[in-house]
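One file, structure_16.cif, is given below (mmCIF, C-alpha atoms (C1' of nucleotides)).
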```cif
data_model
#
loop_
_atom_site.label_atom_id
_atom_site.label_comp_id
_atom_site.auth_asym_id
_atom_site.auth_seq_id
_atom_site.Cartn_x
_atom_site.Cartn_y
_atom_site.Cartn_z
CA MET A 1 13.57 -26.55 -23.92
CA GLY A 2 13.60 -24.50 -20.70
CA THR A 3 12.80 -25.41 -17.14
CA ILE A 4 9.26 -26.55 -16.37
CA SER A 5 8.20 -25.27 -12.98
CA ARG A 6 5.59 -23.11 -11.31
CA ALA A 7 5.72 -19.48 -12.40
CA ILE A 8 4.07 -16.35 -11.08
CA ALA A 9 3.98 -13.05 -12.92
CA LEU A 10 3.66 -9.61 -11.41
CA VAL A 11 2.51 -6.84 -13.70
CA ASP A 12 3.01 -3.28 -12.51
CA PHE A 13 1.87 -0.24 -14.49
CA ASP A 14 4.77 2.21 -14.83
CA TYR A 15 4.58 5.49 -12.84
CA PHE A 16 0.87 4.91 -13.06
CA PHE A 17 -0.79 8.18 -12.01
CA ALA A 18 1.63 10.27 -14.03
CA GLN A 19 1.34 7.98 -17.03
CA CYS A 20 -2.46 8.31 -16.92
CA GLU A 21 -2.04 12.08 -16.99
CA GLU A 22 0.27 11.80 -20.00
CA LEU A 23 -2.52 9.87 -21.72
CA ARG A 24 -5.03 12.67 -21.47
CA HIS A 25 -2.52 15.48 -21.71
CA PRO A 26 -0.34 14.60 -24.70
CA GLU A 27 0.79 18.22 -24.71
CA TYR A 28 2.74 17.59 -21.48
CA ARG A 29 4.67 14.65 -22.87
CA GLY A 30 8.42 15.20 -22.62
CA LEU A 31 7.93 17.58 -19.72
CA PRO A 32 8.52 16.64 -16.09
CA ILE A 33 5.15 15.78 -14.52
CA ALA A 34 4.32 15.35 -10.85
CA VAL A 35 0.88 14.17 -9.76
CA CYS A 36 0.40 15.60 -6.30
CA MET A 37 -1.84 15.44 -3.30
CA LEU A 38 -2.40 19.12 -2.77
CA THR A 39 -3.61 20.70 0.44
CA GLY A 40 -3.23 24.25 -0.79
CA PRO A 41 -2.23 25.83 -4.10
CA GLU A 42 1.46 25.41 -3.30
CA THR A 43 1.59 22.79 -0.57
CA GLY A 44 1.34 19.03 -0.74
CA ALA A 45 3.28 15.93 -1.62
CA VAL A 46 4.23 14.14 -4.83
CA ALA A 47 2.20 10.98 -5.36
CA SER A 48 3.71 9.95 -8.68
CA ALA A 49 6.26 11.43 -11.07
CA ASN A 50 7.08 10.55 -14.66
CA TYR A 51 10.61 9.59 -15.62
CA VAL A 52 11.45 13.03 -16.95
CA ALA A 53 10.71 14.42 -13.48
CA ARG A 54 12.59 11.55 -11.85
CA GLY A 55 15.59 12.52 -13.94
CA PHE A 56 15.60 15.78 -11.99
CA GLY A 57 15.47 13.85 -8.71
CA VAL A 58 11.73 14.21 -8.10
CA LYS A 59 10.36 11.29 -6.06
CA SER A 60 7.08 10.17 -4.50
CA GLY A 61 6.54 11.50 -1.03
CA MET A 62 8.57 14.60 -1.69
CA PRO A 63 7.08 18.00 -0.77
CA VAL A 64 5.87 19.91 -3.81
CA SER A 65 8.08 22.87 -2.93
CA LYS A 66 11.18 20.73 -3.14
CA ALA A 67 10.06 19.07 -6.37
CA LYS A 68 9.57 22.49 -7.97
CA ALA A 69 13.03 23.55 -6.91
CA LEU A 70 14.54 20.47 -8.55
CA ALA A 71 12.61 20.56 -11.82
CA PRO A 72 12.13 24.08 -13.19
CA ASN A 73 9.35 23.35 -15.70
CA LEU A 74 7.54 20.85 -13.49
CA VAL A 75 3.92 20.30 -14.46
CA ILE A 76 1.96 19.88 -11.24
CA LEU A 77 -1.37 18.10 -11.46
CA PRO A 78 -3.79 17.09 -8.71
CA VAL A 79 -4.51 13.40 -8.07
CA ASP A 80 -7.66 12.21 -9.85
CA ILE A 81 -8.19 8.72 -8.47
CA SER A 82 -11.50 8.09 -10.23
CA TYR A 83 -9.87 8.62 -13.63
CA TYR A 84 -6.97 6.29 -12.78
CA SER A 85 -9.44 3.72 -11.40
CA GLN A 86 -11.31 3.62 -14.70
CA ILE A 87 -8.09 2.96 -16.59
CA SER A 88 -6.99 0.39 -14.03
CA SER A 89 -10.33 -1.46 -14.19
CA ALA A 90 -10.24 -1.65 -17.96
CA ILE A 91 -6.77 -3.16 -17.86
CA MET A 92 -7.55 -5.55 -15.02
CA GLN A 93 -10.62 -6.75 -16.88
CA SER A 94 -8.58 -7.53 -19.98
CA ILE A 95 -6.06 -9.42 -17.90
CA ARG A 96 -8.83 -11.45 -16.25
CA GLU A 97 -10.28 -12.32 -19.65
CA ARG A 98 -7.00 -13.95 -20.61
CA PHE A 99 -5.93 -15.50 -17.27
CA LYS A 100 -7.85 -17.39 -14.62
CA LYS A 101 -5.78 -16.79 -11.51
CA VAL A 102 -5.36 -13.06 -11.12
CA GLU A 103 -4.91 -11.21 -7.84
CA GLN A 104 -5.18 -7.46 -7.97
CA ALA A 105 -2.69 -6.27 -5.38
CA SER A 106 -3.29 -2.53 -5.77
CA ILE A 107 -4.57 -0.02 -8.30
CA ASP A 108 -1.53 -0.63 -10.50
CA GLU A 109 -0.36 -4.17 -9.69
CA ALA A 110 -1.61 -7.69 -10.26
CA TYR A 111 -0.17 -11.14 -9.68
CA ILE A 112 -0.95 -13.87 -12.21
CA ASP A 113 -0.44 -17.54 -11.44
CA LEU A 114 0.88 -19.15 -14.62
CA GLY A 115 0.92 -22.64 -13.12
CA GLU A 116 3.48 -25.29 -14.05
CA ILE A 117 5.06 -23.95 -17.16
CA ASP A 118 8.15 -23.94 -19.33
CA TYR A 119 9.97 -20.74 -18.41
CA ASP A 120 10.63 -19.95 -22.06
CA VAL A 121 6.89 -20.02 -22.62
CA ALA A 122 6.42 -17.94 -19.48
CA GLU A 123 8.70 -15.32 -20.98
CA ASP A 124 6.50 -15.16 -24.07
CA ILE A 125 3.47 -14.80 -21.84
CA GLY A 126 5.23 -11.91 -20.16
CA LYS A 127 5.43 -10.18 -23.53
CA GLU A 128 1.78 -11.01 -24.12
CA ILE A 129 0.82 -9.42 -20.78
CA LYS A 130 2.62 -6.24 -21.80
CA ASN A 131 0.68 -6.23 -25.06
CA ILE A 132 -2.62 -6.79 -23.27
CA VAL A 133 -1.98 -3.80 -21.03
CA LYS A 134 -0.96 -1.71 -24.01
CA SER A 135 -4.04 -2.70 -26.04
CA ALA A 136 -6.46 -2.22 -23.16
CA ALA A 137 -5.47 1.33 -22.26
CA ASN A 138 -2.27 2.31 -24.06
CA ILE A 139 -0.37 2.00 -20.78
CA ARG A 140 3.22 0.81 -20.46
CA CYS A 141 4.03 -1.64 -17.72
CA THR A 142 6.73 -3.87 -16.31
CA VAL A 143 6.38 -7.60 -15.80
CA GLY A 144 8.43 -9.71 -13.41
CA ILE A 145 8.26 -13.50 -13.51
CA GLY A 146 9.62 -15.95 -10.95
CA PRO A 147 8.85 -19.11 -9.00
CA ASN A 148 6.87 -17.19 -6.36
CA LYS A 149 5.39 -13.79 -5.53
CA LEU A 150 8.55 -12.58 -3.84
CA ILE A 151 10.82 -13.22 -6.81
CA ALA A 152 8.20 -11.97 -9.30
CA LYS A 153 7.95 -8.71 -7.36
CA MET A 154 11.70 -8.25 -7.03
CA ALA A 155 12.23 -9.08 -10.72
CA CYS A 156 9.61 -6.49 -11.63
CA ASP A 157 11.18 -3.81 -9.45
CA ARG A 158 14.52 -4.51 -11.10
CA ALA A 159 13.15 -4.16 -14.64
CA LYS A 160 11.25 -0.85 -14.43
CA PRO A 161 10.26 0.95 -16.55
CA ASP A 162 8.74 -0.76 -19.59
CA GLY A 163 10.60 -3.95 -18.75
CA LEU A 164 10.27 -7.69 -18.58
CA LYS A 165 12.44 -9.83 -16.37
CA VAL A 166 12.28 -13.56 -15.87
CA VAL A 167 14.12 -15.16 -12.96
CA ARG A 168 14.27 -18.92 -13.48
CA PRO A 169 14.32 -21.25 -10.49
CA ASP A 170 18.04 -21.96 -10.93
CA GLU A 171 18.74 -18.22 -11.06
CA VAL A 172 17.04 -17.36 -7.77
CA GLU A 173 20.22 -17.77 -5.73
CA SER A 174 22.36 -15.43 -7.78
CA PHE A 175 19.48 -13.01 -8.24
CA LEU A 176 19.07 -12.70 -4.47
CA GLU A 177 22.77 -12.32 -3.90
CA SER A 178 22.87 -9.44 -6.34
CA SER A 179 20.04 -7.73 -4.41
CA ARG A 180 20.37 -5.30 -1.56
CA LEU A 181 18.54 -6.22 1.63
CA ASP A 182 16.25 -3.21 1.35
CA GLN A 183 15.14 -4.38 -2.09
CA ILE A 184 13.40 -7.30 -0.43
CA PRO A 185 9.72 -6.58 0.17
CA TYR A 186 8.84 -5.85 3.80
CA ILE A 187 12.43 -5.00 4.61
CA GLY A 188 12.00 -1.25 4.79
CA THR A 189 14.16 1.46 6.27
CA LYS A 190 13.45 0.50 9.86
CA THR A 191 14.09 -3.19 9.43
CA ALA A 192 17.20 -2.56 7.33
CA GLU A 193 18.55 -0.19 10.00
CA ARG A 194 17.89 -2.72 12.71
CA LEU A 195 19.75 -5.36 10.71
CA ALA A 196 22.61 -2.97 9.95
CA SER A 197 23.00 -2.29 13.66
CA MET A 198 23.54 -6.03 14.05
CA GLY A 199 26.20 -5.91 11.35
CA ILE A 200 23.88 -7.45 8.75
CA ARG A 201 24.20 -5.58 5.47
CA THR A 202 23.81 -8.12 2.67
CA VAL A 203 21.54 -10.99 1.82
CA SER A 204 24.40 -13.40 2.56
CA ASP A 205 24.92 -11.80 5.97
CA ALA A 206 21.24 -12.26 6.74
CA ARG A 207 21.39 -15.94 5.84
CA ARG A 208 23.86 -16.50 8.63
CA LEU A 209 21.21 -15.61 11.22
CA SER A 210 19.16 -18.45 12.64
CA VAL A 211 15.37 -18.35 12.64
CA ASP A 212 15.50 -18.13 16.42
CA ASP A 213 17.73 -15.06 16.32
CA LEU A 214 15.45 -13.41 13.78
CA ILE A 215 12.35 -14.24 15.83
CA ARG A 216 13.98 -12.82 18.94
CA VAL A 217 14.63 -9.51 17.22
CA PHE A 218 11.64 -9.09 14.90
CA GLY A 219 8.92 -11.27 16.40
CA GLU A 220 7.62 -14.57 15.13
CA LYS A 221 5.92 -13.73 11.86
CA LYS A 222 8.41 -11.23 10.62
CA GLY A 223 11.39 -13.25 11.78
CA ILE A 224 10.24 -16.32 9.88
CA MET A 225 9.43 -14.20 6.87
CA ILE A 226 12.89 -12.65 6.73
CA PHE A 227 14.47 -16.08 7.19
CA ASN A 228 12.51 -17.44 4.22
CA PHE A 229 12.71 -14.40 1.97
CA VAL A 230 16.50 -14.13 2.04
CA ARG A 231 16.47 -17.73 0.81
CA GLY A 232 13.94 -17.02 -1.93
CA ILE A 233 11.27 -19.05 -0.16
CA ASP A 234 7.71 -17.70 -0.38
CA GLU A 235 4.63 -19.89 -0.20
CA ARG A 236 2.03 -17.15 -0.52
CA LYS A 237 -0.72 -18.08 -2.95
CA VAL A 238 -2.19 -15.94 -5.69
CA GLU A 239 -5.59 -15.16 -4.21
CA VAL A 240 -8.17 -14.49 -6.83
CA LYS A 241 -10.75 -12.88 -4.60
CA LYS A 242 -9.39 -10.69 -1.90
CA GLU A 243 -11.95 -9.01 0.25
CA ARG A 244 -11.42 -5.65 1.74
CA LYS A 245 -11.12 -5.74 5.52
CA GLU A 246 -11.40 -2.10 6.39
CA LEU A 247 -12.10 1.25 4.84
CA GLU A 248 -11.08 4.65 6.13
CA LYS A 249 -11.43 8.23 5.02
CA PHE A 250 -9.03 10.99 6.06
CA VAL A 251 -9.87 14.67 5.93
CA SER A 252 -7.72 17.75 6.60
CA LEU A 253 -9.21 20.36 8.91
CA LYS A 254 -8.47 23.38 6.73
CA GLY A 255 -9.68 25.84 9.31
CA ARG A 256 -12.69 23.82 10.43
CA SER A 257 -13.24 22.28 13.82
CA PRO A 258 -12.29 18.61 14.23
CA GLU A 259 -15.99 17.80 14.60
CA GLU A 260 -16.87 19.39 11.28
CA ALA A 261 -14.03 17.59 9.53
CA LEU A 262 -15.11 14.33 11.14
CA GLU A 263 -18.59 14.76 9.76
CA GLU A 264 -17.27 15.19 6.23
CA ALA A 265 -15.04 12.15 6.61
CA ALA A 266 -17.98 10.07 7.84
CA ARG A 267 -20.21 11.20 4.99
CA ARG A 268 -17.65 10.44 2.32
CA LEU A 269 -16.80 7.11 3.89
CA PHE A 270 -20.47 6.20 4.06
CA GLU A 271 -20.94 6.96 0.35
CA ARG A 272 -18.26 4.47 -0.57
CA LEU A 273 -19.77 1.88 1.74
CA ASN A 274 -22.77 1.44 -0.50
CA GLY A 275 -24.92 -0.39 2.03
CA MET A 276 -22.20 -2.70 3.32
CA LEU A 277 -22.64 -3.88 6.91
CA PHE A 278 -19.85 -3.07 9.37
CA GLN A 279 -19.35 -3.90 13.02
CA GLU A 280 -16.42 -1.78 14.10
CA VAL A 281 -15.98 1.98 14.00
CA GLY A 282 -12.70 3.78 14.54
CA VAL A 283 -11.39 7.33 14.60
CA ILE A 284 -7.84 8.40 13.85
CA VAL A 285 -6.51 11.81 14.80
CA ILE A 286 -3.27 13.22 13.45
CA PHE A 287 -1.96 16.19 15.40
CA GLU A 288 0.10 19.12 14.17
CA ASP A 289 3.25 17.45 15.46
CA PHE A 290 2.37 14.34 13.40
CA THR A 291 1.66 12.15 16.39
CA VAL A 292 -1.23 9.78 15.87
CA ARG A 293 -4.02 8.69 18.21
CA THR A 294 -6.57 6.04 17.40
CA LYS A 295 -9.66 4.75 19.10
CA SER A 296 -12.04 2.10 17.93
CA ARG A 297 -15.13 0.36 19.18
CA THR A 298 -16.86 -2.89 18.34
CA LEU A 299 -20.61 -2.54 17.93
CA LYS A 300 -23.17 -4.93 19.41
CA HIS A 301 -24.49 -5.71 15.95
CA ALA A 302 -23.37 -5.18 12.39
CA THR A 303 -25.03 -2.15 10.89
CA ALA A 304 -25.22 -0.06 7.75
CA SER A 305 -26.63 3.01 9.46
CA PHE A 306 -25.12 6.43 9.01
CA ASP A 307 -26.52 7.55 12.36
CA GLU A 308 -24.66 4.80 14.17
CA LEU A 309 -21.51 5.58 12.22
CA ILE A 310 -21.51 9.27 13.03
CA SER A 311 -22.59 8.95 16.66
CA ASN A 312 -19.88 6.42 17.43
CA ALA A 313 -17.29 8.44 15.52
CA ARG A 314 -18.26 11.56 17.46
CA SER A 315 -17.88 9.95 20.83
CA LEU A 316 -14.53 8.36 19.90
CA LEU A 317 -13.26 11.73 18.67
CA GLY A 318 -14.47 13.36 21.88
CA ALA A 319 -12.57 10.82 23.95
CA ILE A 320 -9.36 11.37 22.02
CA LEU A 321 -9.58 15.15 22.23
CA ASN A 322 -10.30 14.89 25.95
CA GLU A 323 -7.14 12.91 26.56
CA SER A 324 -4.91 15.18 24.53
CA GLU A 325 -5.72 18.56 25.83
CA GLY A 326 -5.15 21.51 23.61
CA LYS A 327 -3.00 19.76 21.02
CA LYS A 328 -3.77 21.10 17.58
CA VAL A 329 -5.35 18.66 15.17
CA ARG A 330 -4.10 18.38 11.57
CA ARG A 331 -6.31 15.64 10.15
CA VAL A 332 -9.01 13.26 11.27
CA ALA A 333 -10.20 9.99 9.81
CA VAL A 334 -13.17 7.69 10.26
CA LYS A 335 -12.66 3.99 9.76
CA VAL A 336 -15.04 1.02 9.51
CA SER A 337 -14.14 -2.67 9.56
CA ARG A 338 -15.45 -6.15 10.36
CA PHE A 339 -17.63 -6.28 7.29
CA THR A 340 -20.37 -8.84 6.96
CA LYS A 341 -22.06 -9.92 3.81
CA GLY A 342 -25.04 -7.64 3.51
CA GLU A 343 -27.07 -6.38 0.59
CA GLY A 344 -24.44 -3.89 -0.29
CA SER A 345 -21.09 -4.14 -1.91
CA LEU A 346 -18.05 -1.97 -1.68
CA LEU A 347 -17.55 0.31 -4.60
CA ASP A 348 -14.41 -0.38 -6.59
CA PHE A 349 -11.24 -1.96 -5.38
CA ILE A 350 -8.70 0.45 -3.83
"C1'" DT B 1 -11.48 -10.75 22.43
"C1'" DT B 2 -10.86 -5.96 22.17
"C1'" DC B 3 -8.11 -2.09 21.64
"C1'" DA B 4 -3.94 0.73 20.64
"C1'" DT B 5 0.11 1.37 18.22
"C1'" DG B 6 3.72 0.85 14.97
"C1'" DA B 7 5.88 -0.86 10.61
"C1'" DC B 8 5.46 -1.23 5.92
"C1'" DC B 9 3.69 -0.51 1.08
"C1'" DT B 10 3.66 2.96 -2.60
"C1'" DC B 11 0.83 5.62 -6.19
"C1'" DC C 1 11.79 23.52 3.39
"C1'" DC C 2 8.13 17.32 7.87
"C1'" DT C 3 4.00 15.29 3.84
"C1'" DT C 4 -0.83 13.19 2.16
"C1'" DG C 5 -3.71 9.46 1.81
"C1'" DT C 6 -5.04 4.29 2.49
"C1'" DG C 7 -4.84 -0.40 3.92
"C1'" DT C 8 -2.95 -4.69 6.19
"C1'" DC C 9 -0.76 -7.07 9.67
"C1'" DA C 10 1.70 -8.05 13.96
"C1'" DT C 11 2.33 -7.37 18.73
"C1'" DG C 12 1.37 -6.49 23.34
"C1'" DA C 13 -1.58 -5.20 27.05
"C1'" DA C 14 -6.01 -5.24 29.16
#
```

Transcribe the structure of this file into structure tokens.
Amino acid sequence: MGTISRAIALVDFDYFFAQCEELRHPEYRGLPIAVCMLTGPETGAVASANYVARGFGVKSGMPVSKAKALAPNLVILPVDISYYSQISSAIMQSIRERFKKVEQASIDEAYIDLGEIDYDVAEDIGKEIKNIVKSAANIRCTVGIGPNKLIAKMACDRAKPDGLKVVRPDEVESFLESSRLDQIPYIGTKTAERLASMGIRTVSDARRLSVDDLIRVFGEKKGIMIFNFVRGIDERKVEVKKERKELEKFVSLKGRSPEEALEEAARRLFERLNGMLFQEVGVIVIFEDFTVRTKSRTLKHATASFDELISNARSLLGAILNESEGKKVRRVAVKVSRFTKGEGSLLDFI
DNA sequence: TTCATGACCTC
DNA sequence: CCTTGTGTCATGAA
């Protein structure tokens, strides 16, 4: 008989975009595959790479040119989000049919609250989850199980690909101590560097800092979060219905004027809105030197009108361009937020 | 409260 | 060989 305690599972579909492509292109199996966001025929960045490609050192975020240099026979495919969304929805639906408390965290991740449970049983459920994902769409995944979201996530990261890892409550301590600081969610490069500059390099080092010290350096929320996370404490709930808070659409200029690109962004954003009411409009401009400028405006009333969207977006863009004379624009985005329950509904999650 | 910006996540 | 696309949250100033 194992421990009976609350357990949360995180299921994460392995190298999801690339695995979806392997599904419909069996002929590429065994070859290195990179699914890329392409701006031109030869330029862009890797969004997802299969493990054959990763064996050559190909990683997400890497420029396509570099990926090609690393992996000679690299198969380069463009991102096809709507195809991956269909597969994701089918899987998520199957998971929801079996479990009550499911929180979809992204297109390829979901938390499942297993409640108070014997951890040996939880382990079997982990295997069952893997089977559900396999049956629903023939997709391989990794499942992490722990006493909270944090440990479930870290267990999952540790077990990829095609893995299952259970961290029991009494194993949390040693599990954390065997983890690097930057393997803790929300401790990214910047935070890790900041900690390193203070001489903090391991989880044990970080535990020696007081909450007050952490708050002084990282601010209240983040300071408290780091304090708790390095101790394996995480009270976040599995939230079954998460509502989207904002939606934005980026567009590259590709020779057009910023105004023309803005119009396309607004149109495509509006399509996805599907009649949803919004009360805030924003514009984001990314310049050639990668600096970012944003402007946003709260409207008097919530609206679902395209005319209001585009006219506000235009004036915000004008204001930004005015204040940044002559700088060349790379991309523009239109953003809407402050949704209110209207007739409409947002199309698909993510 | 509004607005701007930055950090982080990660396919 | 600097890159593409979203979304959330925190913070600080106005």

List every residue of chain A that has an atom at most 8 Å from any atom of chain B, giving for each one its closest atom pair and the distance in Å to one decimal, counting all atoms listed in the file, sorted by chain and then by ascending residue number, as JSON lines.
```
{"residue": "A:Tyr15", "atom": "CA", "partner": "B:DC11", "partner_atom": "C1'", "distance": 7.6}
{"residue": "A:Phe16", "atom": "CA", "partner": "B:DC11", "partner_atom": "C1'", "distance": 6.9}
{"residue": "A:Phe17", "atom": "CA", "partner": "B:DC11", "partner_atom": "C1'", "distance": 6.6}
{"residue": "A:Ala47", "atom": "CA", "partner": "B:DC11", "partner_atom": "C1'", "distance": 5.6}
{"residue": "A:Ser48", "atom": "CA", "partner": "B:DC11", "partner_atom": "C1'", "distance": 5.8}
{"residue": "A:Ser60", "atom": "CA", "partner": "B:DC11", "partner_atom": "C1'", "distance": 7.9}
{"residue": "A:Asp108", "atom": "CA", "partner": "B:DC11", "partner_atom": "C1'", "distance": 8.0}
{"residue": "A:Tyr186", "atom": "CA", "partner": "B:DC8", "partner_atom": "C1'", "distance": 6.1}
{"residue": "A:Gly188", "atom": "CA", "partner": "B:DC8", "partner_atom": "C1'", "distance": 6.6}
{"residue": "A:Lys190", "atom": "CA", "partner": "B:DA7", "partner_atom": "C1'", "distance": 7.7}
{"residue": "A:Thr294", "atom": "CA", "partner": "B:DA4", "partner_atom": "C1'", "distance": 6.8}
{"residue": "A:Lys295", "atom": "CA", "partner": "B:DA4", "partner_atom": "C1'", "distance": 7.2}
{"residue": "A:Ser296", "atom": "CA", "partner": "B:DC3", "partner_atom": "C1'", "distance": 6.8}
{"residue": "A:Arg297", "atom": "CA", "partner": "B:DC3", "partner_atom": "C1'", "distance": 7.8}
{"residue": "A:Thr298", "atom": "CA", "partner": "B:DT2", "partner_atom": "C1'", "distance": 7.8}
```

- Convert the output of the PyMOL selection byres ((chain C) within 7 of (chain A)) on the shown file into explicit residues, formatted as a ChimeraX atom specification. /C:3-5

Could you tell me, as a PDB file with C-alpha atoms, in the coordinates of the input, which residues have any atom at most 12 Å from (15.8, -4.9, -1.4), counting only C-alpha atoms (C1' of nucleotides)?
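In the end it all went to selection11.pdb:
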```pdb
ATOM      1  CA  LEU A 150       8.550 -12.580  -3.840  1.00  0.00           C
ATOM      2  CA  ILE A 151      10.820 -13.220  -6.810  1.00  0.00           C
ATOM      3  CA  LYS A 153       7.950  -8.710  -7.360  1.00  0.00           C
ATOM      4  CA  MET A 154      11.700  -8.250  -7.030  1.00  0.00           C
ATOM      5  CA  ALA A 155      12.230  -9.080 -10.720  1.00  0.00           C
ATOM      6  CA  ASP A 157      11.180  -3.810  -9.450  1.00  0.00           C
ATOM      7  CA  ARG A 158      14.520  -4.510 -11.100  1.00  0.00           C
ATOM      8  CA  PHE A 175      19.480 -13.010  -8.240  1.00  0.00           C
ATOM      9  CA  LEU A 176      19.070 -12.700  -4.470  1.00  0.00           C
ATOM     10  CA  GLU A 177      22.770 -12.320  -3.900  1.00  0.00           C
ATOM     11  CA  SER A 178      22.870  -9.440  -6.340  1.00  0.00           C
ATOM     12  CA  SER A 179      20.040  -7.730  -4.410  1.00  0.00           C
ATOM     13  CA  ARG A 180      20.370  -5.300  -1.560  1.00  0.00           C
ATOM     14  CA  LEU A 181      18.540  -6.220   1.630  1.00  0.00           C
ATOM     15  CA  ASP A 182      16.250  -3.210   1.350  1.00  0.00           C
ATOM     16  CA  GLN A 183      15.140  -4.380  -2.090  1.00  0.00           C
ATOM     17  CA  ILE A 184      13.400  -7.300  -0.430  1.00  0.00           C
ATOM     18  CA  PRO A 185       9.720  -6.580   0.170  1.00  0.00           C
ATOM     19  CA  TYR A 186       8.840  -5.850   3.800  1.00  0.00           C
ATOM     20  CA  ILE A 187      12.430  -5.000   4.610  1.00  0.00           C
ATOM     21  CA  GLY A 188      12.000  -1.250   4.790  1.00  0.00           C
ATOM     22  CA  THR A 189      14.160   1.460   6.270  1.00  0.00           C
ATOM     23  CA  THR A 191      14.090  -3.190   9.430  1.00  0.00           C
ATOM     24  CA  ALA A 192      17.200  -2.560   7.330  1.00  0.00           C
ATOM     25  CA  ARG A 201      24.200  -5.580   5.470  1.00  0.00           C
ATOM     26  CA  THR A 202      23.810  -8.120   2.670  1.00  0.00           C
ATOM     27  CA  VAL A 203      21.540 -10.990   1.820  1.00  0.00           C
ATOM     28  CA  ILE A 226      12.890 -12.650   6.730  1.00  0.00           C
ATOM     29  CA  PHE A 229      12.710 -14.400   1.970  1.00  0.00           C
ATOM     30  CA  VAL A 230      16.500 -14.130   2.040  1.00  0.00           C
TER      31      VAL A 230
END
```

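Between atom CA of A:Lys335 and atom CA of A:Gly282 the interatomic distance comes to 4.8 Å.
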
- Given the file shown, enumerate the residues that the PyMOL selection byres ((chain A and resi 265) around 12) captures and present them as a count of residues only. 36

- Query: Any chance you could work out the residue set of the PyMOL selection byres ((chain A and resi 89) around 12) here, as a PyMOL selection string?
  - Reply: chain A and resi 81-88+90-96+104+106-110+133+136-137+348-350

- Note on the structure: In Å and to one decimal, atom CA of A:Leu10 is distant from atom CA of A:Lys149 by 7.4 Å

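Put simply, atom CA of A:Arg330 is 28.3 Å away from atom CA of A:Ala304.
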
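Among the candidates A:Arg216, A:Arg140, A:Lys68, A:Arg98, the one nearest to A:Cys20 when counting all atoms listed in the file is A:Arg140.
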
- Message: Need the shell around A:Gly144: protein/DNA/RNA residues with any atom at most 7 Å away, counting all atoms listed in the file. Skip same-chain ones fewer than 6 positions apart. Format as a PyMOL selection string?
- Response: chain A and resi 9-11+152-153+155-156+164-166

Hey, can I get the axis-aligned box for chain B? All listed atoms, 5 Å padding on each side, centre and edge lengths in Å to one decimal, as AutoDock Vina command-line options.
```
--center_x -2.8 --center_y -2.6 --center_z 8.1 --size_x 27.4 --size_y 26.4 --size_z 38.6
```
